[in-house]
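Next comes final.txt, with compact mmCIF, C-alpha atoms.
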```
# COMPACT_ATOMS: atom_id res chain seq x y z
CA MET A 773 99.54 111.74 71.36
CA GLY A 774 101.68 113.33 74.03
CA PHE A 775 101.69 112.18 77.63
CA ILE A 776 100.36 115.44 79.05
CA THR A 777 97.65 115.56 76.38
CA VAL A 778 96.49 112.09 77.37
CA LEU A 779 96.32 113.10 81.01
CA SER A 780 94.39 116.26 80.10
CA LEU A 781 91.84 114.14 78.28
CA LEU A 782 91.57 111.87 81.31
CA ALA A 783 90.83 114.86 83.49
CA ILE A 784 88.02 115.89 81.15
CA VAL A 785 86.57 112.42 80.65
CA PRO A 786 87.12 110.47 83.89
CA LEU A 787 84.44 107.98 82.88
CA CYS A 788 86.97 106.46 80.50
CA LEU A 789 88.43 104.80 83.58
CA SER A 790 85.29 102.80 84.23
CA GLY A 791 84.76 101.35 80.78
CA LYS A 792 85.10 97.75 79.66
CA THR A 793 88.58 96.35 79.21
CA TYR A 794 89.20 93.47 76.89
CA GLY A 795 91.48 90.49 77.18
CA GLY A 796 91.62 86.73 77.63
CA GLY A 797 88.80 86.02 75.18
CA GLY A 798 86.26 88.08 77.13
CA TYR A 799 85.98 91.41 78.84
CA LEU A 800 86.11 92.76 82.34
CA TYR A 801 83.70 95.42 83.59
CA PRO A 802 82.97 96.99 87.00
CA GLN A 803 79.36 95.81 87.12
CA PHE A 804 80.21 92.11 86.70
CA TYR A 805 78.83 91.10 90.13
CA ASP A 806 76.00 93.63 90.37
CA HIS A 807 73.38 90.89 90.07
CA SER A 808 75.22 87.71 91.07
CA CYS A 809 76.84 89.15 94.22
CA PRO A 810 75.84 92.78 94.78
CA LYS A 811 77.50 92.95 98.22
CA ALA A 812 80.91 91.69 97.02
CA GLN A 813 82.62 95.08 96.82
CA GLU A 814 81.13 96.19 100.14
CA ILE A 815 82.48 93.04 101.84
CA VAL A 816 85.96 93.51 100.39
CA LYS A 817 86.03 97.16 101.47
CA HIS A 818 84.94 96.24 105.02
CA PHE A 819 87.65 93.66 105.60
CA VAL A 820 90.39 95.71 103.96
CA ALA A 821 89.49 98.68 106.18
CA LYS A 822 89.56 96.41 109.23
CA ALA A 823 92.98 94.98 108.27
CA VAL A 824 94.52 98.39 107.53
CA ALA A 825 93.16 99.82 110.80
CA GLU A 826 94.91 97.02 112.66
CA ASP A 827 98.11 97.29 110.59
CA PRO A 828 98.58 100.36 108.34
CA ARG A 829 101.38 98.56 106.47
CA MET A 830 98.78 96.10 105.15
CA ALA A 831 97.59 98.63 102.56
CA ALA A 832 100.94 98.46 100.78
CA SER A 833 101.10 94.68 101.21
CA LEU A 834 97.75 94.10 99.50
CA LEU A 835 98.68 96.47 96.68
CA ARG A 836 101.99 94.63 96.19
CA LEU A 837 100.25 91.24 96.25
CA HIS A 838 98.11 92.23 93.24
CA PHE A 839 101.18 93.52 91.37
CA HIS A 840 103.19 90.34 92.05
CA ASP A 841 100.23 88.26 90.92
CA CYS A 842 99.59 90.10 87.66
CA PHE A 843 103.23 89.96 86.51
CA VAL A 844 103.17 86.14 86.61
CA LYS A 845 100.79 84.50 84.13
CA GLY A 846 98.40 87.44 84.41
CA CYS A 847 96.00 88.51 87.18
CA ASP A 848 94.78 85.02 88.06
CA ALA A 849 95.45 84.66 91.82
CA SER A 850 98.24 82.17 91.16
CA ILE A 851 100.31 83.83 93.91
CA LEU A 852 97.77 82.69 96.51
CA LEU A 853 98.20 78.96 95.83
CA ASP A 854 100.10 76.90 98.39
CA SER A 855 102.37 74.09 97.26
CA SER A 856 100.45 70.84 96.76
CA GLY A 857 100.66 67.95 94.32
CA THR A 858 102.19 69.30 91.12
CA ILE A 859 101.96 72.95 92.24
CA ILE A 860 105.09 74.68 93.52
CA SER A 861 103.93 77.86 95.22
CA GLU A 862 105.01 81.28 93.98
CA LYS A 863 105.30 82.20 97.66
CA ARG A 864 108.70 80.48 97.58
CA SER A 865 110.14 82.80 94.90
CA ASN A 866 112.84 85.36 95.65
CA PRO A 867 110.48 88.36 95.27
CA ASN A 868 107.87 86.79 97.59
CA ARG A 869 109.76 84.72 100.18
CA ASP A 870 109.77 86.41 103.60
CA SER A 871 108.08 89.51 102.18
CA ALA A 872 104.73 88.79 100.47
CA ARG A 873 101.94 89.17 103.01
CA GLY A 874 98.20 89.75 103.24
CA PHE A 875 97.19 86.17 102.46
CA GLU A 876 95.13 85.89 105.65
CA VAL A 877 93.21 89.05 104.74
CA ILE A 878 92.30 87.59 101.33
CA ASP A 879 91.25 84.33 103.07
CA GLU A 880 88.98 86.27 105.42
CA ILE A 881 87.37 88.20 102.57
CA LYS A 882 86.86 85.05 100.51
CA ALA A 883 85.23 83.19 103.42
CA ALA A 884 82.81 86.06 104.03
CA ILE A 885 81.88 86.31 100.35
CA GLU A 886 81.41 82.53 100.02
CA LYS A 887 78.80 82.66 102.79
CA VAL A 888 76.78 85.21 100.82
CA CYS A 889 77.47 84.18 97.22
CA PRO A 890 79.07 80.72 97.02
CA HIS A 891 81.24 79.88 94.00
CA THR A 892 80.71 83.29 92.40
CA VAL A 893 83.50 85.79 93.12
CA SER A 894 87.05 84.92 92.11
CA CYS A 895 90.10 85.32 94.31
CA ALA A 896 91.69 87.27 91.45
CA ASP A 897 88.91 89.86 91.56
CA ILE A 898 89.10 90.05 95.36
CA MET A 899 92.80 90.91 95.04
CA ALA A 900 92.12 93.61 92.44
CA LEU A 901 89.44 95.18 94.65
CA ALA A 902 91.61 94.94 97.75
CA ALA A 903 94.44 96.76 95.93
CA ARG A 904 92.09 99.60 94.97
CA ASP A 905 90.55 99.83 98.45
CA SER A 906 94.01 99.86 100.06
CA THR A 907 95.06 102.74 97.82
CA VAL A 908 91.96 104.76 98.72
CA LEU A 909 92.30 104.08 102.45
CA ALA A 910 95.88 105.38 102.34
CA GLY A 911 94.67 108.62 100.74
CA GLY A 912 95.22 107.74 97.10
CA PRO A 913 92.96 107.83 94.03
CA ASN A 914 89.78 105.85 93.51
CA TRP A 915 88.78 104.00 90.35
CA ASP A 916 86.16 101.55 89.15
CA VAL A 917 87.78 98.10 89.05
CA PRO A 918 86.93 96.06 85.95
CA LEU A 919 85.84 92.61 87.15
CA GLY A 920 85.20 89.15 85.74
CA ARG A 921 88.58 87.45 86.19
CA ARG A 922 88.71 83.77 87.03
CA ASP A 923 91.31 81.88 89.05
CA SER A 924 94.16 79.81 87.68
CA ARG A 925 94.63 76.10 88.37
CA ASP A 926 98.40 76.36 88.54
CA ALA A 927 101.30 78.57 89.58
CA SER A 928 104.71 79.46 88.15
CA LEU A 929 107.67 79.65 90.48
CA SER A 930 110.01 80.39 87.57
CA GLY A 931 107.69 83.13 86.29
CA SER A 932 107.67 84.73 89.73
CA ASN A 933 111.47 84.61 89.93
CA ASN A 934 112.00 85.97 86.42
CA ASN A 935 109.12 88.33 85.60
CA ILE A 936 108.83 90.53 88.69
CA PRO A 937 111.22 93.51 88.64
CA ALA A 938 113.90 93.25 91.32
CA PRO A 939 115.25 96.12 93.48
CA ASN A 940 118.70 95.79 91.91
CA ASN A 941 117.62 95.48 88.27
CA THR A 942 118.89 98.07 85.81
CA PHE A 943 116.44 100.60 84.44
CA GLN A 944 116.41 98.82 81.06
CA THR A 945 115.73 95.43 82.64
CA ILE A 946 112.83 96.86 84.64
CA LEU A 947 111.37 98.56 81.56
CA THR A 948 111.72 95.35 79.56
CA LYS A 949 109.83 93.41 82.23
CA PHE A 950 107.03 95.98 82.07
CA LYS A 951 106.93 95.90 78.27
CA LEU A 952 106.60 92.10 78.36
CA GLN A 953 103.30 92.75 80.19
CA SER A 954 102.23 95.35 77.59
CA LEU A 955 102.94 98.15 80.06
CA ASP A 956 104.96 101.18 78.93
CA ILE A 957 107.34 103.68 80.52
CA VAL A 958 104.46 105.87 81.73
CA ASP A 959 102.94 102.86 83.50
CA LEU A 960 106.34 102.00 84.97
CA VAL A 961 106.85 105.40 86.56
CA ALA A 962 103.25 105.81 87.71
CA LEU A 963 103.00 102.32 89.24
CA SER A 964 106.39 102.74 90.93
CA GLY A 965 104.68 105.57 92.77
CA SER A 966 102.96 102.90 94.87
CA HIS A 967 106.22 102.97 96.84
CA THR A 968 104.81 106.07 98.49
CA ILE A 969 103.57 103.57 101.11
CA GLY A 970 105.07 100.40 102.54
CA ASN A 971 108.43 99.10 103.63
CA ALA A 972 111.51 97.41 102.19
CA ARG A 973 113.99 95.10 103.89
CA CYS A 974 117.65 95.98 104.45
CA THR A 975 118.66 93.14 102.13
CA SER A 976 116.82 94.89 99.26
CA PHE A 977 119.07 97.95 99.21
CA ARG A 978 122.21 97.06 101.23
CA GLN A 979 124.45 97.14 98.15
CA ARG A 980 123.62 100.84 97.66
CA LEU A 981 125.13 101.58 101.06
CA TYR A 982 128.36 99.63 100.75
CA ASN A 983 129.14 98.18 97.33
CA GLN A 984 126.89 99.40 94.52
CA ALA A 985 129.22 98.78 91.56
CA GLY A 986 131.40 96.01 93.00
CA ASN A 987 134.14 98.49 93.92
CA GLY A 988 133.43 98.70 97.64
CA LYS A 989 131.88 102.16 97.32
CA PRO A 990 128.30 103.33 98.00
CA ASP A 991 125.87 104.38 95.30
CA TYR A 992 126.78 107.95 94.32
CA THR A 993 123.13 108.62 93.36
CA LEU A 994 122.06 108.14 97.00
CA ASP A 995 122.10 111.24 99.18
CA GLN A 996 125.02 110.61 101.53
CA SER A 997 123.38 111.98 104.68
CA TYR A 998 120.39 109.73 104.01
CA ALA A 999 122.76 106.81 103.34
CA ALA A 1000 124.50 107.42 106.69
CA HIS A 1001 121.12 107.29 108.43
CA LEU A 1002 120.23 104.03 106.70
CA ARG A 1003 123.55 102.40 107.67
CA THR A 1004 122.67 102.75 111.35
CA HIS A 1005 120.05 99.99 110.97
CA CYS A 1006 121.29 98.22 107.83
CA PRO A 1007 124.81 96.94 108.56
CA LYS A 1008 127.15 95.26 106.07
CA SER A 1009 126.09 91.90 107.43
CA GLY A 1010 123.11 90.88 109.52
CA GLY A 1011 119.81 92.69 109.89
CA ASP A 1012 118.54 91.40 106.55
CA GLN A 1013 114.90 91.60 107.64
CA ASN A 1014 115.12 95.09 109.21
CA LEU A 1015 112.36 97.21 107.71
CA PHE A 1016 112.64 100.73 106.29
CA PHE A 1017 109.99 103.07 104.94
CA LEU A 1018 110.02 103.30 101.14
CA ASP A 1019 108.88 106.92 101.54
CA PHE A 1020 110.34 108.30 104.78
CA VAL A 1021 108.45 111.61 104.43
CA SER A 1022 104.88 110.24 104.59
CA PRO A 1023 105.25 106.46 104.96
CA VAL A 1024 101.58 105.52 105.37
CA LYS A 1025 100.03 108.25 103.20
CA PHE A 1026 99.50 107.70 99.49
CA ASP A 1027 100.77 110.93 97.93
CA ASN A 1028 103.46 112.18 95.55
CA SER A 1029 106.25 112.61 98.10
CA TYR A 1030 107.89 109.45 96.70
CA PHE A 1031 108.70 111.40 93.53
CA LYS A 1032 109.93 114.40 95.51
CA ASN A 1033 112.28 112.04 97.32
CA LEU A 1034 113.69 110.84 93.99
CA LEU A 1035 114.43 114.46 93.01
CA ALA A 1036 116.44 114.77 96.25
CA TYR A 1037 118.28 111.47 95.58
CA LYS A 1038 116.52 109.90 98.53
CA GLY A 1039 114.80 106.99 96.80
CA LEU A 1040 115.34 103.92 98.98
CA LEU A 1041 115.70 101.20 96.33
CA SER A 1042 118.01 101.35 93.35
CA SER A 1043 114.97 100.49 91.21
CA ASP A 1044 113.33 103.68 92.52
CA GLU A 1045 116.19 106.13 92.00
CA VAL A 1046 117.04 104.88 88.48
CA LEU A 1047 113.72 106.32 87.33
CA PHE A 1048 115.28 109.74 87.86
CA THR A 1049 118.93 109.07 87.02
CA LYS A 1050 119.05 106.64 84.09
CA ASN A 1051 116.48 107.71 81.49
CA ALA A 1052 115.48 111.15 80.19
CA GLU A 1053 111.81 110.29 79.56
CA SER A 1054 111.28 108.71 82.96
CA ARG A 1055 113.12 111.62 84.59
CA GLU A 1056 110.60 114.06 83.13
CA LEU A 1057 107.72 111.91 84.34
CA VAL A 1058 109.20 111.84 87.85
CA LYS A 1059 109.40 115.65 87.78
CA THR A 1060 105.83 115.93 86.49
CA TYR A 1061 104.43 113.76 89.28
CA ALA A 1062 106.60 115.45 91.92
CA TYR A 1063 105.10 118.82 90.98
CA ASN A 1064 101.54 117.67 90.27
CA GLN A 1065 99.93 115.07 92.53
CA GLU A 1066 96.64 115.18 90.61
CA LEU A 1067 98.34 114.08 87.39
CA PHE A 1068 100.06 111.26 89.30
CA PHE A 1069 96.77 110.09 90.79
CA GLN A 1070 95.02 110.13 87.41
CA GLN A 1071 97.76 108.13 85.73
CA PHE A 1072 98.12 105.72 88.64
CA ALA A 1073 94.43 104.81 88.39
CA LYS A 1074 94.70 104.35 84.64
CA SER A 1075 97.84 102.22 84.93
CA MET A 1076 96.32 100.07 87.69
CA ILE A 1077 93.37 99.28 85.44
CA LYS A 1078 95.79 98.45 82.62
CA MET A 1079 97.89 96.21 84.88
CA GLY A 1080 94.75 94.53 86.20
CA ASN A 1081 93.89 93.52 82.65
CA ILE A 1082 97.07 91.51 82.07
CA SER A 1083 95.98 88.16 80.58
CA PRO A 1084 92.84 87.59 82.67
CA LEU A 1085 91.15 84.21 82.59
CA THR A 1086 87.55 84.81 81.54
CA GLY A 1087 84.53 82.85 80.35
CA TYR A 1088 85.14 79.15 80.95
CA LYS A 1089 88.90 79.41 81.45
CA GLY A 1090 90.25 78.72 84.91
CA GLU A 1091 87.82 78.36 87.81
CA ILE A 1092 86.28 80.13 90.77
CA ARG A 1093 88.19 78.72 93.73
CA LYS A 1094 86.34 77.94 96.93
CA TYR A 1095 89.50 78.45 98.96
CA CYS A 1096 92.05 80.86 97.54
CA ARG A 1097 95.05 78.79 98.62
CA LYS A 1098 94.17 75.64 96.70
CA VAL A 1099 92.58 74.60 93.42
CA ASN A 1100 89.14 73.04 93.53
CA ALA A 1101 88.86 69.26 93.76
CA TYR A 1102 86.93 67.69 90.89
```

Spell out the structure here as structure tokens.
Amino acid sequence: MGFITVLSLLAIVPLCLSGKTYGGGGYLYPQFYDHSCPKAQEIVKHFVAKAVAEDPRMAASLLRLHFHDCFVKGCDASILLDSSGTIISEKRSNPNRDSARGFEVIDEIKAAIEKVCPHTVSCADIMALAARDSTVLAGGPNWDVPLGRRDSRDASLSGSNNNIPAPNNTFQTILTKFKLQSLDIVDLVALSGSHTIGNARCTSFRQRLYNQAGNGKPDYTLDQSYAAHLRTHCPKSGGDQNLFFLDFVSPVKFDNSYFKNLLAYKGLLSSDEVLFTKNAESRELVKTYAYNQELFFQQFAKSMIKMGNISPLTGYKGEIRKYCRKVNAY
């Protein structure tokens, strides 16, 4: 079935997005806490709104946190665990060190929910809800989040280093990392659209400005006037932590301008621009989303649900942590 046909069907039958999703020996469904903790979603929404009002960048940070969690051992809140005993925290990995944020927001949500419904709502589900609420607050699509995940009792530093796509990865490497999670090229392009909000550090794209192919020359697929602007705050050395908008047109609004930027060769990260320059199928998807925001929103919601169903712990697997940063003591 063709990509456009699938999206047309989604437009006609939006309820497909709220159905049960299977995995991990059980299934996830939006109504999971309707009886055991009916106020859970309301609490998450309240604290996410409060955090984003105080710091608009937090919307992108919470969305990224869910993505970086799901790509390592599944959506099990392993990224939240601090180092202790035999656990080496994923927070130390290259993709997360000095950049993953939002942990305090998750802590605040968890504490509030524990007061109302102790030992009921998982940290993994809180992260999935926070990612959805962040998207909506930034102006993006809404969707019913399938729930019922449980929390892991361990973390994987090596998984975090190896499984999460890096800004300098080739298109094929990025696609392979998505396929390892049972996500396809449509999911890759749609989920990359989350870079319509948020920031990236100078160190994440410096090579594009000065030495993309090891020959001392900038990336020819980067608009040169845009590159000159970026060089003013991202020097050859120093300034590693300087922040830049991933989407300079509408940096805190969730829309399709990210894809329009790619068409103009103004994607910030190499991993962004390769979607338009290195593969014919992904190039057509970029064009489709650049010209039709509604199609992008529909597919983004669908792909977020799909990503949120990567290897969930359900039933009696894992646990419901009391504190998201550490496993329960038995």

Practice task
Give me the residues within 12 Å of Gln803 (chain A) as number ranges by chain, counting all atoms listed in the file and dropping any in the same chain fewer than 4 places off.
Solution key: A: 790-792, 799, 807-813, 916-920

Those same residues - C-alpha atoms - I'd like them written as a PDB file, keeping the file's coordinate frame.
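Written file, selection-v1.pdb:
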```pdb
ATOM      1  CA  SER A 790      85.290 102.800  84.230  1.00  0.00           C
ATOM      2  CA  GLY A 791      84.760 101.350  80.780  1.00  0.00           C
ATOM      3  CA  LYS A 792      85.100  97.750  79.660  1.00  0.00           C
ATOM      4  CA  TYR A 799      85.980  91.410  78.840  1.00  0.00           C
ATOM      5  CA  HIS A 807      73.380  90.890  90.070  1.00  0.00           C
ATOM      6  CA  SER A 808      75.220  87.710  91.070  1.00  0.00           C
ATOM      7  CA  CYS A 809      76.840  89.150  94.220  1.00  0.00           C
ATOM      8  CA  PRO A 810      75.840  92.780  94.780  1.00  0.00           C
ATOM      9  CA  LYS A 811      77.500  92.950  98.220  1.00  0.00           C
ATOM     10  CA  ALA A 812      80.910  91.690  97.020  1.00  0.00           C
ATOM     11  CA  GLN A 813      82.620  95.080  96.820  1.00  0.00           C
ATOM     12  CA  ASP A 916      86.160 101.550  89.150  1.00  0.00           C
ATOM     13  CA  VAL A 917      87.780  98.100  89.050  1.00  0.00           C
ATOM     14  CA  PRO A 918      86.930  96.060  85.950  1.00  0.00           C
ATOM     15  CA  LEU A 919      85.840  92.610  87.150  1.00  0.00           C
ATOM     16  CA  GLY A 920      85.200  89.150  85.740  1.00  0.00           C
TER      17      GLY A 920
END
```

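The space between CA of Gly1080 (chain A) and CA of Cys889 (chain A) spans 23.0 Å.
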
Compile a residue-level contact table for region 849-891 of chain A against region 828-833 of chain A at a cut-off of 10 Å, reporting for every qualifying residue the shortest atom pair and its distance in Å to one decimal, with all atoms listed in the file counted, rows ordered by chain and ascending number, as a tab-separated table.
```
residue	atom	partner	partner_atom	distance
A:Ser871	CA	A:Ser833	CA	8.7
A:Ala872	CA	A:Ser833	CA	7.0
A:Arg873	CA	A:Ser833	CA	5.9
A:Gly874	CA	A:Ser833	CA	6.1
A:Phe875	CA	A:Ser833	CA	9.4
A:Val877	CA	A:Met830	CA	9.0
```

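Shortest atom-to-atom contact with Trp915 (chain A) among A:Lys1094, A:Lys1089, A:His840, A:Lys1074: A:Lys1074, counting all atoms listed in the file.
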
Handout entry: Close residues, Leu1035 (chain A) itself excluded, 8 Å, all atoms listed in the file, min 4 positions apart in chain, as number ranges by chain
Key = A: 1031, 1048, 1058-1059, 1062

Neighbours of region 853-861 of chain A within 9 Å (all atoms listed in the file; same-chain residues fewer than 6 positions away dropped), as a compact mmCIF listing (two decimals) with C-alpha atoms, in the frame of the given file?
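For reference, selection-v4.txt as written:
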```txt
# COMPACT_ATOMS: atom_id res chain seq x y z
CA ARG A 925 94.63 76.10 88.37
CA ASP A 926 98.40 76.36 88.54
CA ALA A 927 101.30 78.57 89.58
CA SER A 928 104.71 79.46 88.15
CA LEU A 929 107.67 79.65 90.48
CA CYS A 1096 92.05 80.86 97.54
CA ARG A 1097 95.05 78.79 98.62
CA LYS A 1098 94.17 75.64 96.70
CA VAL A 1099 92.58 74.60 93.42
```

Exercise for the section: Dump as a PyMOL selection string all residues having an atom at most 12 Å from (82.2, 85.1, 105.7), computed in the file's coordinates with all atoms listed in the file. Expected result: chain A and resi 811-812+815-816+818-819+877-890+1095

Handout entry: From A:Ala972, A:Leu1002, A:Ile1077, A:Ala849, residue lying nearest Pro990 (chain A) [all atoms listed in the file]
Key = A:Leu1002

Hey, can I get the axis-aligned box for region 1067-1072 of chain A? All listed atoms, 5 Å padding on each side, centre and edge lengths in Å to one decimal, as AutoDock Vina command-line options.
```
--center_x 97.5 --center_y 109.9 --center_z 88.3 --size_x 15.0 --size_y 18.4 --size_z 15.1
```

Problem - Contacts of Asp923 (chain A) at 12 Å (all atoms listed in the file; same-chain gap of 6+ positions) as a ChimeraX atom specification - result: /A:841-842,845-853,891-899,1083-1100

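Straight-line separation from CA of Ala910 (chain A) to CA of Val1024 (chain A): 6.5 Å.
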
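Distance check against Leu952 (chain A) using all atoms listed in the file: of A:Thr1004, A:Ser865, A:Asn935, A:Ser924, the minimum falls on A:Asn935.
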
Completion exercise
Pairwise distance, CA of Val820 (chain A) with CA of Pro913 (chain A), equals 15.9 Å

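Using only C-alpha atoms, the nearest neighbour of His967 (chain A) within the list A:Asn1064, A:Thr1049, A:Thr945, A:Thr907 is A:Thr907.
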